[in-house]
Amino acid sequence: MADKLPQNIEAENVVLGLMMLSRSCLSKGMSSCSTDHFYKKDNSLIFAGMEALFTKGKDVSLVSLTEQLKSTNTLSAIRGGLRLAELAESSISDTEFETYASILEDKKIKRNLIVVANEIQKKGYDDVMDQDSFLKYSMDALWQATPYYSSSIQVVSSGDMSDVRRDD
């Protein structure tokens with residue numbers, strides 16, 4: 001894949017910084033994000049450290065997160081405690097948290113769909129599946145790549161296409 005996958009590193013940094021500074025943002029982030037929301041590897045490692053602390057019921061602070069990352073030998077992979085301090089210092093108002101978290105969700109879904117589309121393409125070129133199996137594989141893979149069903153998307157079977165076309 002020569003093209004860069006969809007990402008917004010600034011939004012990743014803001015989300016992580018706010019999660020360190022605000023219990024409310026930490027709670028929201030833990031309920032709406034996962035490591036795969038973060039394109040940048042060190043941001044994913046930082047989130048994993050936060051998640052480990054949160055799961056244990058411990059506070060997520062600059063000091064506790066530094067210790068958590070040390071204990072998993074990942075502190076150097078994120079460029080040390082200075083990186084964590086930079087995240088905390090660069091954060092903006094926590095009223096913007098949902099906006100930045102929704103950007104991460106958007107980029108994650110697009111990355112997932114691109115990866116799945118490439119896998120479907122490879123299976124198609126391999127040409128070892130019969131038509132029905134390939135179609136089922138493709139549809140299942142696409143649905144699994146998205147975390148939810150959007151009410152703005154209408155799925156229409158081929159048998160219903162003529163009815164839909166006549167109504168429009």
# chains A, B, ... in the order shown; residues from 1 in each chain; ligands from 1

call {"tool": "residues_around", "arguments": {"residues": "Asn13 (chain A)", "least_positions_apart": "4", "cutoff": "7 Å", "atoms": "only C-alpha atoms", "output": "list in words"}}
result
Ile9, Gly17 and Leu87 of chain A

call {"tool": "write_last_selection", "arguments": {"atoms": "N, CA, C and O atoms", "output": "PDB file, in the first residue's frame"}}
result
ATOM      1  N   ILE A   9      -3.011  12.558  13.496  1.00  0.00           N
ATOM      2  CA  ILE A   9      -2.131  12.436  14.656  1.00  0.00           C
ATOM      3  C   ILE A   9      -2.427  13.523  15.682  1.00  0.00           C
ATOM      4  O   ILE A   9      -2.368  13.278  16.896  1.00  0.00           O
ATOM      5  N   GLY A  17      -3.923  13.293  25.590  1.00  0.00           N
ATOM      6  CA  GLY A  17      -3.619  14.327  26.577  1.00  0.00           C
ATOM      7  C   GLY A  17      -4.802  14.604  27.482  1.00  0.00           C
ATOM      8  O   GLY A  17      -4.651  14.701  28.715  1.00  0.00           O
ATOM      9  N   LEU A  87       2.194  15.535  25.725  1.00  0.00           N
ATOM     10  CA  LEU A  87       0.772  15.284  25.464  1.00  0.00           C
ATOM     11  C   LEU A  87      -0.103  16.048  26.445  1.00  0.00           C
ATOM     12  O   LEU A  87      -1.092  16.673  26.063  1.00  0.00           O
TER      13      LEU A  87
END

call {"tool": "residues_around", "arguments": {"residues": "Phe134 (chain A)", "least_positions_apart": "4", "cutoff": "8 Å", "atoms": "only C-alpha atoms", "output": "short mmCIF file (atom, residue, chain, number, x, y, z; two decimals) with N, CA and C atoms, in the first residue's frame"}}
result
data_model
loop_
_atom_site.label_atom_id
_atom_site.label_comp_id
_atom_site.auth_asym_id
_atom_site.auth_seq_id
_atom_site.Cartn_x
_atom_site.Cartn_y
_atom_site.Cartn_z
N LYS A 123 -8.41 -11.86 -2.70
CA LYS A 123 -9.20 -13.10 -2.83
C LYS A 123 -9.81 -13.19 -4.22
N GLY A 124 -10.26 -12.05 -4.74
CA GLY A 124 -10.84 -12.03 -6.08
C GLY A 124 -9.82 -12.41 -7.14
N MET A 129 -12.47 -19.14 -5.09
CA MET A 129 -13.79 -19.27 -4.46
C MET A 129 -14.87 -19.19 -5.54
N ASP A 130 -15.96 -19.94 -5.30
CA ASP A 130 -17.08 -19.80 -6.23
C ASP A 130 -17.75 -18.46 -5.94
N SER A 138 -17.00 -11.46 1.07
CA SER A 138 -16.85 -10.01 0.88
C SER A 138 -17.81 -9.23 1.77
#

call {"tool": "residues_around", "arguments": {"residues": "Glu67 (chain A)", "least_positions_apart": "6", "cutoff": "12 Å", "atoms": "only C-alpha atoms", "output": "list of chain:residue names"}}
result
A:Ile46, A:Gly49, A:Met50, A:Ala52, A:Leu53, A:Lys58, A:Asp59, A:Val60, A:Ser61, A:Asn73, A:Thr74, A:Leu75, A:Ser76, A:Gly80, A:Gly81, A:Leu84

call {"tool": "atom_distance", "arguments": {"atom1": "CA of Met19 (chain A)", "atom2": "CA of Trp143 (chain A)"}}
result
29.8 Å
